[in-house]
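Engineer: Structure incoming, see below.
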Amino acid sequence: MRPFAYQRAGDPSAAVQALAAAAAGNDVPTEALVQPLAGGTTLIDLMKLDVMRPSTLVDINPLAASWSQINLDGDNLKLGALARMSDVAAHPEVQRFYPVVAESLKLAASPQLRNMATLGGNVLQRTRCTYFRDVSYANCNKRNPGSGCAAMDGFNRTHAVLGTSDACIATYPGDLAQALIALDATVEIVGKSGVRSMPFAQLHKAPGDSPQIETTLQPGELISGFAINGRWPRSIYLKTRDRQSYEFALASAAIALDVQDGTVRDARVALGGVATMPWRAREAEALLKGQKLDDGLAQRVAEAALAGATARKHNGFKIDLGRRVVAHALQRAAKMEI
Amino acid sequence: MSDRPPFKTTSGFDRRTFIASAAGTAAAIPLARAAGAPASQSAQRDASLPVEMTLRVNGEDKALTVDARTTVLDALREHLGLTGSKKGCDHGQCGACTVLVDGRRVLSCLTLAIATQGRDIATIEGLSKGDELHPMQQAFIEQDAFQCGYCTPGQIMSAIACVHEGHTNSDEDIREHMSGNICRCAAYPNIVAAVKQAAPQILKG
């Protein structure tokens with residue numbers, strides 16, 4: 001690991017100021033020389049691997065006093081960016097009214113990592129693409145823009161089939177993000193010009209020809225929290241993986257349904273493990289609205305959710321697996337007793 | 001892996017030099033506070049210099065002067081002589097380095113020592129009372145819950161937290177919530193048995 005200076009940020013403006021100071025002139029936040037330190041589970045790992053090379057860490061954990069709320073006020077859930085994954089997963093109201101959120105967290109990582117990792121850091125977790133994580137591969141467009149992509153013709157079993165580009169097929173690794181995008185969450189962001197919020201769906205971007213830019217966060221900006229309007233008790237997160245526990249998704253689905261008298265009034269479908277970014281399948285959702293959910297419809301929705309998927313040599317199985325996960329998750333959500 | 005600090009705890013480095021060069025950048029609290037340095041708005045501190053910090057380990061305050069890169073795991077093993085916590089993968093994947101910080105199980109290999117000041121670190125060395133083993137240690141022995149033993153300190157620290165978190169209601173529950181601790185010898189069935197044995201004793205206090 002390269003040497004770094006360590007600072008503690010006493011308040012949000014100090015944090016933003018420290019981050020923005022060195023961010024000037026660098027439009028790729030993940031490559032900025034000053035990085036925020038929260039749970040550290042991605043950052044310290046990638047610093048040990050020499051993938052991330054900050055010269056200063058700004059420890060934002062002192063902001064937890066104001067940024068770690070888990071608060072259901074009426075139909076409005078607010079989650080602080082520094083709330084720990086384990087605390088949100090174990091929160092009774094989150095479990096009851098937002099099971100897709102609680103399950104996405106509980107099925108992620110290990111108990112130790114969930115105790116450390118924060119929600120803000122989790123949604124910004126970086127890909128597990130082996131070629132990205134191993135700096136001995138020179139050709140990684142995400143790490144080394146313009147250098148090519150070793151995964152394209154390498155071992156790409158875990159890589160994405162949706163949202164890919166000629167420059168990058170790295171899978172977005174997180175779980176919570178699928179729940180947030182499905183529930184139309186908003187993300188609150190603090191920057192040097194103040195606080196702004198936007199739909200969570202606008203936070204991540206597809207790789208396109210600039211896979212080094214993973215989000216729409218501006219240099220020096222920090223996520224301070226998330227908000228979800230409305231309750232979604234009929235919602236689930238289904239995750240398939242190589243091991244039963246403590247593993248990244250090969251394919252996962254975040255499903256939320258509003259069913260009245262057997263008719264689907266609103267439906268949300270998001271996919272994980274198969275896409276380059278948190279993936280909302282809006283066209284698939286549209287098939288559900290106003291319909292009665294049966295096995296045939298679940299299959300058609302699943303087909304639509306994976307429409308447009310393209311595979312490389314080793315990851316073609318994800319297309320079929322993704323369909324099965326969506327169909328199965330829909331059926332499970334429909335049968336939930338709420 | 002190049003994260004091992006190039007110097008030892010009390011290497012006798014020049015405190016005045018450190019203070020003179022110590023300062024954070026604008027707005028954040030400079031870390032050199034521990035060395036009593038005034039906050040300068042302009043001077044850049046040499047990031048490769050060691051920093052002073054105090055860690056509270058098993059109830060005792062330990063003063064250290066180490067590289068800012070030092071993880072809690074390396075601080076314990078390389079600087080405090082507490083080699084019970086093990087370095088397996090050093091990347092947060094195996095759980096061998098599990099310790100408790102303020103009672104919560106975390107991975108010490110991904111936790112910076114400098115960021116852990118003012119918090120209680122509990123390691124395997126602090127569990128027994130004299131010759132009397134902690135119930136979880138005793139259960140691991142009685143259930144033969146290890147072969148090579150390398151993952152065992154992490155397993156035991158994790159298992160104690162697992163009990164306090166309330167995740168020992170069934171074998172499945174234990175397996176799921178012990179999944180962050182890998183055992184290369186695959187002693188898993190006996191680990192589950194040990195956790196089950198110790199849980200009621202621990203909860204009874």
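Ligands are numbered from 1 in the order shown, residues from 1 within each chain, and chains are lettered A, B, ... in the order they appear in the structure tokens.
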Do you know which residues are at most 8 Å from A:Leu79 counting only C-alpha atoms, after dropping those on the same chain fewer than 6 positions away, and could you put them as a count of residues only?
Structural biologist: 7
Engineer: Pull the closest atom pair for each residue of chain A that gets at most 6 Å from chain B, along with the distance in Å to one decimal, counting only C-alpha atoms, ordering rows by chain and then ascending residue number, as JSON lines.
Structural biologist:
```
{"residue": "A:Met1", "atom": "CA", "partner": "B:Asp3", "partner_atom": "CA", "distance": 5.0}
{"residue": "A:Pro3", "atom": "CA", "partner": "B:Ser48", "partner_atom": "CA", "distance": 5.4}
{"residue": "A:Phe4", "atom": "CA", "partner": "B:Ala47", "partner_atom": "CA", "distance": 5.1}
{"residue": "A:Ala5", "atom": "CA", "partner": "B:Ala47", "partner_atom": "CA", "distance": 4.7}
{"residue": "A:Gln7", "atom": "CA", "partner": "B:Leu31", "partner_atom": "CA", "distance": 5.6}
{"residue": "A:Arg8", "atom": "CA", "partner": "B:Ile29", "partner_atom": "CA", "distance": 5.4}
{"residue": "A:Ala9", "atom": "CA", "partner": "B:Ala28", "partner_atom": "CA", "distance": 4.9}
{"residue": "A:Ala14", "atom": "CA", "partner": "B:Ala27", "partner_atom": "CA", "distance": 5.0}
{"residue": "A:Thr41", "atom": "CA", "partner": "B:Leu110", "partner_atom": "CA", "distance": 5.9}
{"residue": "A:Ile44", "atom": "CA", "partner": "B:Leu110", "partner_atom": "CA", "distance": 5.8}
{"residue": "A:Asp45", "atom": "CA", "partner": "B:His91", "partner_atom": "CA", "distance": 5.5}
{"residue": "A:Ser110", "atom": "CA", "partner": "B:Gly180", "partner_atom": "CA", "distance": 4.7}
{"residue": "A:Gln112", "atom": "CA", "partner": "B:Val106", "partner_atom": "CA", "distance": 4.5}
```
Engineer: Enter the distance from atom CA of A:Ala32 to atom CA of A:Pro54, in Å, rounded to one decimal.
Structural biologist: 6.7 Å
Engineer: Which one of A:Val51, A:Val101, A:Ala65, A:Leu287 sits closest to A:Cys129 if you count only C-alpha atoms?
Structural biologist: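 Smallest separation from A:Cys129 among the options: A:Val51.
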Engineer: Counting only C-alpha atoms, figure out which residue out of A:Ala307, A:Ala177, A:Cys149, A:Ala201 gets nearest to A:Ile319.
Structural biologist: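 Checking each candidate against A:Ile319, we get A:Ala307 as the closest.
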Engineer: Enumerate the residues of stretch 129-313 of chain A with a DSSP assignment of helix (DSSP H, G or I), computed from the backbone, and present them as a PyMOL selection string.
Structural biologist: chain A and resi 130-133+176-182+200-202+282-286+295-305
Engineer: Take the residues that were just selected and, keeping C-alpha atoms, output them as a PDB file, in the first residue's frame.
Structural biologist:
```
ATOM      1  CA  THR A 130     -10.558 -10.031 -11.548  1.00  0.00           C
ATOM      2  CA  TYR A 131      -8.839  -8.087 -14.288  1.00  0.00           C
ATOM      3  CA  PHE A 132      -9.787  -4.801 -12.640  1.00  0.00           C
ATOM      4  CA  ARG A 133      -8.533  -5.998  -9.254  1.00  0.00           C
ATOM      5  CA  LEU A 176     -28.682  -2.976  -1.885  1.00  0.00           C
ATOM      6  CA  ALA A 177     -28.567  -0.836  -5.013  1.00  0.00           C
ATOM      7  CA  GLN A 178     -31.048  -3.119  -6.751  1.00  0.00           C
ATOM      8  CA  ALA A 179     -33.502  -2.670  -3.878  1.00  0.00           C
ATOM      9  CA  LEU A 180     -33.031   1.104  -3.916  1.00  0.00           C
ATOM     10  CA  ILE A 181     -33.459   1.439  -7.657  1.00  0.00           C
ATOM     11  CA  ALA A 182     -36.538  -0.794  -7.573  1.00  0.00           C
ATOM     12  CA  PHE A 200     -31.052   6.841  -7.125  1.00  0.00           C
ATOM     13  CA  ALA A 201     -31.498   5.557 -10.696  1.00  0.00           C
ATOM     14  CA  GLN A 202     -29.378   8.499 -11.846  1.00  0.00           C
ATOM     15  CA  ARG A 282     -38.967  -1.026 -16.649  1.00  0.00           C
ATOM     16  CA  GLU A 283     -40.302  -2.635 -19.814  1.00  0.00           C
ATOM     17  CA  ALA A 284     -40.685  -5.909 -17.983  1.00  0.00           C
ATOM     18  CA  GLU A 285     -42.493  -4.159 -15.128  1.00  0.00           C
ATOM     19  CA  ALA A 286     -44.965  -2.619 -17.541  1.00  0.00           C
ATOM     20  CA  ASP A 295     -46.803 -18.488 -14.110  1.00  0.00           C
ATOM     21  CA  GLY A 296     -47.174 -17.579 -17.768  1.00  0.00           C
ATOM     22  CA  LEU A 297     -46.996 -13.855 -17.072  1.00  0.00           C
ATOM     23  CA  ALA A 298     -44.025 -14.360 -14.743  1.00  0.00           C
ATOM     24  CA  GLN A 299     -42.213 -16.107 -17.606  1.00  0.00           C
ATOM     25  CA  ARG A 300     -42.998 -13.304 -20.049  1.00  0.00           C
ATOM     26  CA  VAL A 301     -41.787 -10.689 -17.578  1.00  0.00           C
ATOM     27  CA  ALA A 302     -38.599 -12.674 -17.072  1.00  0.00           C
ATOM     28  CA  GLU A 303     -38.052 -12.879 -20.840  1.00  0.00           C
ATOM     29  CA  ALA A 304     -38.537  -9.141 -21.152  1.00  0.00           C
ATOM     30  CA  ALA A 305     -36.194  -8.410 -18.245  1.00  0.00           C
TER      31      ALA A 305
END
```
Engineer: In Å, with one decimal, what is the gap from atom CA of A:Leu63 to atom CA of A:Gln212?
Structural biologist: 28.0 Å
Engineer: Pick from A:Leu183, A:Ile213, A:Ala270, A:Leu293: nearest to A:Leu124, with only C-alpha atoms counted?
Structural biologist: A:Ile213
Engineer: Can you pull out the residues contacting stretch 121-135 of chain B? Cut-off 7 Å, using only C-alpha atoms, and skip same-chain residues under 2 positions away; I want them as a ChimeraX atom specification.
Structural biologist: /B:56-58,84-85,99-102,119,137-139,153,157,198,201-202
Engineer: Taking the DSSP assignment computed from this structure's backbone, write out as a PyMOL selection string all residues of stretch 185-326 of chain A that belong to strand (DSSP E).
Structural biologist: chain A and resi 186-191+194-199+222-229+235-240+251-260+263-272+279-280
Engineer: I need the chosen residues saved as a tab-separated table (two decimals), in the first residue's frame, with C-alpha atoms.
Structural biologist:
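Output below, filename out-v8.tsv:
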```tsv
chain	number	residue	atom	x	y	z
A	186	THR	CA	-33.67	9.18	-3.91
A	187	VAL	CA	-30.07	9.78	-2.96
A	188	GLU	CA	-28.99	12.84	-1.02
A	189	ILE	CA	-25.59	14.25	-1.88
A	190	VAL	CA	-23.48	16.84	-0.12
A	191	GLY	CA	-21.00	18.88	-2.10
A	194	GLY	CA	-24.58	22.46	-0.71
A	195	VAL	CA	-27.01	19.57	-0.64
A	196	ARG	CA	-28.74	18.11	-3.66
A	197	SER	CA	-30.85	15.05	-4.19
A	198	MET	CA	-31.70	13.03	-7.25
A	199	PRO	CA	-33.31	9.71	-8.15
A	222	LEU	CA	-20.38	12.66	-0.66
A	223	ILE	CA	-23.56	10.64	-0.35
A	224	SER	CA	-25.25	11.64	2.91
A	225	GLY	CA	-28.37	9.48	2.77
A	226	PHE	CA	-31.23	7.80	0.95
A	227	ALA	CA	-34.97	8.22	1.07
A	228	ILE	CA	-37.78	5.91	-0.02
A	229	ASN	CA	-41.35	7.15	-0.36
A	235	SER	CA	-41.09	-7.07	-1.80
A	236	ILE	CA	-38.24	-9.56	-1.86
A	237	TYR	CA	-34.62	-9.95	-2.86
A	238	LEU	CA	-33.68	-13.28	-4.40
A	239	LYS	CA	-29.99	-13.96	-4.87
A	240	THR	CA	-28.34	-16.93	-6.58
A	251	ALA	CA	-28.01	-13.32	-10.75
A	252	SER	CA	-30.36	-11.61	-8.35
A	253	ALA	CA	-33.71	-9.90	-8.47
A	254	ALA	CA	-35.28	-7.17	-6.39
A	255	ILE	CA	-39.03	-7.38	-6.77
A	256	ALA	CA	-41.74	-5.18	-5.29
A	257	LEU	CA	-45.43	-5.64	-5.98
A	258	ASP	CA	-48.57	-3.75	-5.07
A	259	VAL	CA	-51.39	-6.25	-5.50
A	260	GLN	CA	-55.03	-5.39	-4.86
A	263	THR	CA	-54.50	-7.50	-9.69
A	264	VAL	CA	-51.02	-5.99	-9.88
A	265	ARG	CA	-51.36	-2.21	-9.47
A	266	ASP	CA	-47.66	-1.45	-9.40
A	267	ALA	CA	-44.60	-3.60	-9.94
A	268	ARG	CA	-40.89	-3.11	-9.70
A	269	VAL	CA	-38.23	-5.40	-11.14
A	270	ALA	CA	-34.50	-4.83	-10.76
A	271	LEU	CA	-31.63	-7.15	-11.53
A	272	GLY	CA	-28.25	-7.72	-9.90
A	279	TRP	CA	-30.48	-2.51	-13.43
A	280	ARG	CA	-34.14	-1.59	-13.47
```
Engineer: Would you pick out the contacts of A:Leu217 at 8 Å or less, using only C-alpha atoms, so that residues sharing its chain but fewer than 4 positions from it are not included, and give the list as number ranges by chain?
Structural biologist: A: 29, 203, 221-222
Engineer: Extract, using only C-alpha atoms, all DNA, RNA and protein residues at most 6 Å from B:Ala96, discarding same-chain residues fewer than 4 positions from it, and format them as a PyMOL selection string.
Structural biologist: chain B and resi 86+88+151+154
Engineer: For the residues selected in the previous step, produce a file with C-alpha atoms as a PDB file, in the first residue's frame.
Structural biologist:
```pdb
ATOM      1  CA  LYS B  86      -4.364 -14.433  12.283  1.00  0.00           C
ATOM      2  CA  GLY B  88      -5.190 -15.388   6.347  1.00  0.00           C
ATOM      3  CA  CYS B 151      -8.784 -19.983  11.661  1.00  0.00           C
ATOM      4  CA  GLY B 154     -11.230 -15.688  14.269  1.00  0.00           C
TER       5      GLY B 154
END
```
Engineer: What gap, in Å, lies between atom CA of B:Gln117 and atom CA of A:Leu113?
Structural biologist: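 Separation of atom CA of B:Gln117 and atom CA of A:Leu113: 19.5 Å.
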Engineer: Name the closest residue to A:Gly39 among the candidates A:Pro92, A:Gly74, A:Gly120, A:Gly148; distances are taken between atoms, counting only C-alpha atoms.
Structural biologist: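 Smallest separation from A:Gly39 among the options: A:Gly120.
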Engineer: Pick out the residues sitting within 12 Å of stretch 170-172 of chain B, and hand them over as an MDAnalysis selection string; count only C-alpha atoms, and ignore anything fewer than 3 positions along from it in its own chain.
Structural biologist: (chainID A and resid 244:245) or (chainID B and resid 163 166:167 175:179 188:197 199)
